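Q: Mind having a look at this structure? Questions to follow.
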There are 2 protein chains.
Amino acid sequence: MELKREIEKYKKIIEDNIDKILPKSNNKYQSKVFDSMRYSIFAGGKRLRPILTLKTCELISGDYKPAIPFALAIEMIHTYSLIHDDLPAMDDDNYRRGKLTNHRVYGEAMAILAGDGLLNFAYEVMNEAILENNKDNHRLIKAFSKIATAAGVYGMIGGQVVDILSENTKIDADTLDFIHKHKTSALIEASIVSGAIIGGASDNEINALEKYGKSIGLGFQIRDDILDTIGDMKKLGKDIGSDEEKNKSTYISLYGLENSINKTKELCEEAINSLSIFNQKDISFFVELAKYLVNRDY
Amino acid sequence: MELKREIEKYKKIIEDNIDKILPKSNNKYQSKVFDSMRYSIFAGGKRLRPILTLKTCELISGDYKPAIPFALAIEMIHTYSLIHDDLPAMDDDNYRRGKLTNHRVYGEAMAILAGDGLLNFAYEVMNEAILENNKDNHRLIKAFSKIATAAGVYGMIGGQVVDILSENTKIDADTLDFIHKHKTSALIEASIVSGAIIGGASDNEINALEKYGKSIGLGFQIRDDILDTIGDMKKLGKDIGSDEEKNKSTYISLYGLENSINKTKELCEEAINSLSIFNQKDISFFVELAKYLVNRDY
């Protein structure tokens, strides 16, 4: 298996499907918010989260298709969170993935509404799938629950709250851990687990994938902090040094660069080890992905 | 039946239950967003929407209880929309219901996140109810669908988009109609219809209540415009004349005050007439409510 080719294949599935379901600008009234939603959705993400949802569903059941609406919803939730995080009242960022942030193109009001619109639409899409699978929707309702909790005030929003409140403050290791686990890991973990639930995973399989998700989620975030220190702005498509500029405490400011790099290596090993339960299956995608995430340079 | 007493009874049910389920500030990390969410939820709304959900469920089935989680979710969605609408980038309002707006107390970042948190939590609460009623949840999933669509870019958010884009612009009657129908009526209508669906209403009953909802939704909005012109600021708890100040087109600026008052009377009659299908039931609450909504002075 070549990781890059596999990622491209599933990325295309996500992007083709999200293009199909996202509202298009054919209505004279609220067209502008459709444009604004599409702008950020198609501003070039890695699609890591929705790919994980499809891949875990496929790992368990052999078929990724039942997970598609949930994968799309997760990407919409992720994108809404980026639009709101970038707002002047929050991180006040001008660039994201090498492009102007949403509010820099559409204005603050439309960016707030595009974020609201994507969050709401994510739930519309998941509920539609639940409604259509009227006879056998228990797994879908459970997957919905996992995703909604991970996105909310006990998950991603909670993490963002603490992140915002921690600006210009020296925070302790526990607080940083809370931010990482909630702001980033929670949704990554939910991406993995929701796909597995939809595929019909056993409790043991869900637990194993949850551990994998926790490890790569934290590894992903620490790698982000590392890249903000030593990364290449061109490859990243955003300013580097922005954490330091905003006086944000990061894994590196607390533990130093070398310890941080070592920690990502440990997390990568833990992630791979947690998948031992699947020794009868081809887990090469998940192994390669874990390695890639902690070594990526963008 | 005395309308005021009946409203107070159901209002208390809503407020007691929303107090039970809303996150409380007992966590040292994201407490501030819990405070901010609670501040706006308990800033003294009329609870019109969730009361309608309980009352239509009761009208159809004799029991309002199955609709409680959905009524609470609707109130959370309504409250999130007010928090975001009041933001400096949107309507930039300082007061709402006689109290400082959320961002004036908690700052813009926390107000955005409290809004996001309430919207997300609304979907968590509805999904939880669906998950708990595993055996018989089809009506709940349909009610969810009605509410989610009404809240989204084809409903309330769509209306707010066009409202924002119409500031300082002379708009035509069709555009104003779009704003009214989407920004206000859609969620009021969904409040009514979702309760009926949960109660097990027939298609004919749903259609009748949908018509009732459309009429009182529009009547409610036109009355809002009238009160912004001739209302008493003390009773309203907010500035009057704010539409004119923001150069917002309203029903009154397009049709004049007298025509607007006549229109609310027509809508009230239409609302009451649409309920003729329920001639075997006690519909006095709905009749009195329609009269009150178009005559209220706050």
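Residues are referred to by chain and number: the chain letter is A, B, ... according to the order shown in the structure tokens, the number counts from 1 in that chain, and ligands are numbered separately from 1 in the order shown.
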At a cut-off of 8 Å, can you tabulate as a tab-separated table every residue of chain A near chain B together with its closest atom pair and the distance in Å to one decimal, using only C-alpha atoms and ordering rows by chain then number?
A:
residue	atom	partner	partner_atom	distance
A:Tyr29	CA	B:Val162	CA	6.2
A:Gln30	CA	B:Gly158	CA	5.5
A:Lys32	CA	B:Val161	CA	7.9
A:Val33	CA	B:Val161	CA	6.8
A:His84	CA	B:Ile112	CA	7.8
A:Ala89	CA	B:Ala109	CA	5.1
A:Met90	CA	B:Ala109	CA	5.4
A:Glu108	CA	B:Ala89	CA	5.8
A:Ala109	CA	B:Ala89	CA	5.1
A:Met110	CA	B:Val161	CA	7.1
A:Ile112	CA	B:His84	CA	7.8
A:Leu113	CA	B:Ile157	CA	6.8
A:Asp116	CA	B:Asp116	CA	7.2
A:Gly117	CA	B:Val153	CA	5.5
A:Leu119	CA	B:Asn120	CA	7.8
A:Asn120	CA	B:Gly152	CA	5.6
A:Phe121	CA	B:Gly152	CA	6.4
A:Tyr123	CA	B:Ala148	CA	7.2
A:Glu124	CA	B:Ala148	CA	5.8
A:Asn127	CA	B:Ser145	CA	6.5
A:Glu128	CA	B:Ser145	CA	7.1
A:Ile130	CA	B:Ile141	CA	7.6
A:Leu131	CA	B:Ile141	CA	6.4
A:Asn134	CA	B:His138	CA	7.3
A:His138	CA	B:Asn134	CA	7.3
A:Ile141	CA	B:Leu131	CA	6.4
A:Lys142	CA	B:Leu131	CA	7.1
A:Phe144	CA	B:Asn127	CA	7.5
A:Ser145	CA	B:Asn127	CA	6.5
A:Ala148	CA	B:Glu124	CA	5.8
A:Thr149	CA	B:Glu124	CA	6.7
A:Ala151	CA	B:Asn120	CA	7.3
A:Gly152	CA	B:Asn120	CA	5.6
A:Val153	CA	B:Gly117	CA	5.5
A:Ile157	CA	B:Gly117	CA	6.6
A:Gly158	CA	B:Gln30	CA	5.5
A:Gly159	CA	B:Gln30	CA	7.5
A:Val161	CA	B:Gln30	CA	6.0
A:Val162	CA	B:Gln30	CA	5.8
A:Ile164	CA	B:Ala109	CA	7.7
A:Thr175	CA	B:Tyr29	CA	7.5
A:Phe178	CA	B:Tyr29	CA	7.9
Q: Can you check which parts of stretch 47-149 of chain B lie within 12 Å of stretch 184-198 of chain B? Per residue, the shortest pair of atoms and distance in Å to one decimal, counting only C-alpha atoms, sorted by chain and number, as JSON lines.
A:
{"residue": "B:Arg47", "atom": "CA", "partner": "B:Ser191", "partner_atom": "CA", "distance": 10.9}
{"residue": "B:Leu48", "atom": "CA", "partner": "B:Ile188", "partner_atom": "CA", "distance": 8.3}
{"residue": "B:Arg49", "atom": "CA", "partner": "B:Ser191", "partner_atom": "CA", "distance": 5.5}
{"residue": "B:Pro50", "atom": "CA", "partner": "B:Ser191", "partner_atom": "CA", "distance": 6.5}
{"residue": "B:Ile51", "atom": "CA", "partner": "B:Ser191", "partner_atom": "CA", "distance": 8.4}
{"residue": "B:Leu52", "atom": "CA", "partner": "B:Ile192", "partner_atom": "CA", "distance": 5.5}
{"residue": "B:Thr53", "atom": "CA", "partner": "B:Gly195", "partner_atom": "CA", "distance": 4.3}
{"residue": "B:Leu54", "atom": "CA", "partner": "B:Gly195", "partner_atom": "CA", "distance": 6.0}
{"residue": "B:Lys55", "atom": "CA", "partner": "B:Gly195", "partner_atom": "CA", "distance": 7.4}
{"residue": "B:Thr56", "atom": "CA", "partner": "B:Ala196", "partner_atom": "CA", "distance": 5.1}
{"residue": "B:Cys57", "atom": "CA", "partner": "B:Gly195", "partner_atom": "CA", "distance": 4.3}
{"residue": "B:Glu58", "atom": "CA", "partner": "B:Gly195", "partner_atom": "CA", "distance": 8.0}
{"residue": "B:Leu59", "atom": "CA", "partner": "B:Ala196", "partner_atom": "CA", "distance": 7.7}
{"residue": "B:Ile60", "atom": "CA", "partner": "B:Ala196", "partner_atom": "CA", "distance": 6.2}
{"residue": "B:Ser61", "atom": "CA", "partner": "B:Ala196", "partner_atom": "CA", "distance": 8.4}
{"residue": "B:Gly62", "atom": "CA", "partner": "B:Ala196", "partner_atom": "CA", "distance": 10.9}
{"residue": "B:Asp63", "atom": "CA", "partner": "B:Ile198", "partner_atom": "CA", "distance": 10.1}
{"residue": "B:Tyr64", "atom": "CA", "partner": "B:Gly195", "partner_atom": "CA", "distance": 8.2}
{"residue": "B:Lys65", "atom": "CA", "partner": "B:Ile198", "partner_atom": "CA", "distance": 9.9}
{"residue": "B:Pro66", "atom": "CA", "partner": "B:Ile198", "partner_atom": "CA", "distance": 7.0}
{"residue": "B:Ala67", "atom": "CA", "partner": "B:Gly195", "partner_atom": "CA", "distance": 5.9}
{"residue": "B:Ile68", "atom": "CA", "partner": "B:Gly195", "partner_atom": "CA", "distance": 9.0}
{"residue": "B:Pro69", "atom": "CA", "partner": "B:Gly195", "partner_atom": "CA", "distance": 10.5}
{"residue": "B:Phe70", "atom": "CA", "partner": "B:Ser194", "partner_atom": "CA", "distance": 7.8}
{"residue": "B:Ala71", "atom": "CA", "partner": "B:Ser191", "partner_atom": "CA", "distance": 7.3}
{"residue": "B:Leu72", "atom": "CA", "partner": "B:Ser191", "partner_atom": "CA", "distance": 10.4}
{"residue": "B:Ala73", "atom": "CA", "partner": "B:Ser191", "partner_atom": "CA", "distance": 10.0}
{"residue": "B:Ile74", "atom": "CA", "partner": "B:Ser191", "partner_atom": "CA", "distance": 6.9}
{"residue": "B:Glu75", "atom": "CA", "partner": "B:Ser191", "partner_atom": "CA", "distance": 9.3}
{"residue": "B:Met76", "atom": "CA", "partner": "B:Leu187", "partner_atom": "CA", "distance": 11.7}
{"residue": "B:Ile77", "atom": "CA", "partner": "B:Leu187", "partner_atom": "CA", "distance": 9.0}
{"residue": "B:His78", "atom": "CA", "partner": "B:Leu187", "partner_atom": "CA", "distance": 8.0}
{"residue": "B:Thr79", "atom": "CA", "partner": "B:Leu187", "partner_atom": "CA", "distance": 11.8}
{"residue": "B:Ser81", "atom": "CA", "partner": "B:Thr184", "partner_atom": "CA", "distance": 10.5}
{"residue": "B:Leu82", "atom": "CA", "partner": "B:Thr184", "partner_atom": "CA", "distance": 11.2}
{"residue": "B:Met126", "atom": "CA", "partner": "B:Ser194", "partner_atom": "CA", "distance": 11.6}
{"residue": "B:Ala129", "atom": "CA", "partner": "B:Ile198", "partner_atom": "CA", "distance": 11.6}
{"residue": "B:Ile130", "atom": "CA", "partner": "B:Ile198", "partner_atom": "CA", "distance": 11.2}
{"residue": "B:Asn133", "atom": "CA", "partner": "B:Ile198", "partner_atom": "CA", "distance": 11.9}
{"residue": "B:Asp136", "atom": "CA", "partner": "B:Ile198", "partner_atom": "CA", "distance": 10.7}
{"residue": "B:Asn137", "atom": "CA", "partner": "B:Ile198", "partner_atom": "CA", "distance": 9.2}
{"residue": "B:His138", "atom": "CA", "partner": "B:Ile198", "partner_atom": "CA", "distance": 9.0}
{"residue": "B:Arg139", "atom": "CA", "partner": "B:Ile198", "partner_atom": "CA", "distance": 5.3}
{"residue": "B:Leu140", "atom": "CA", "partner": "B:Ile198", "partner_atom": "CA", "distance": 5.9}
{"residue": "B:Ile141", "atom": "CA", "partner": "B:Ile198", "partner_atom": "CA", "distance": 9.1}
{"residue": "B:Lys142", "atom": "CA", "partner": "B:Ile197", "partner_atom": "CA", "distance": 7.3}
{"residue": "B:Ala143", "atom": "CA", "partner": "B:Ser194", "partner_atom": "CA", "distance": 4.5}
{"residue": "B:Phe144", "atom": "CA", "partner": "B:Ser194", "partner_atom": "CA", "distance": 7.5}
{"residue": "B:Ser145", "atom": "CA", "partner": "B:Ser194", "partner_atom": "CA", "distance": 8.8}
{"residue": "B:Lys146", "atom": "CA", "partner": "B:Ala190", "partner_atom": "CA", "distance": 5.9}
{"residue": "B:Ile147", "atom": "CA", "partner": "B:Ala190", "partner_atom": "CA", "distance": 5.4}
{"residue": "B:Ala148", "atom": "CA", "partner": "B:Ala190", "partner_atom": "CA", "distance": 8.9}
{"residue": "B:Thr149", "atom": "CA", "partner": "B:Ala190", "partner_atom": "CA", "distance": 8.7}
Q: As a PyMOL selection string, which residues of stretch 78-126 of chain A does DSSP assign to alpha helix (DSSP H)?
A: chain A and resi 78-86+102-106+108-126
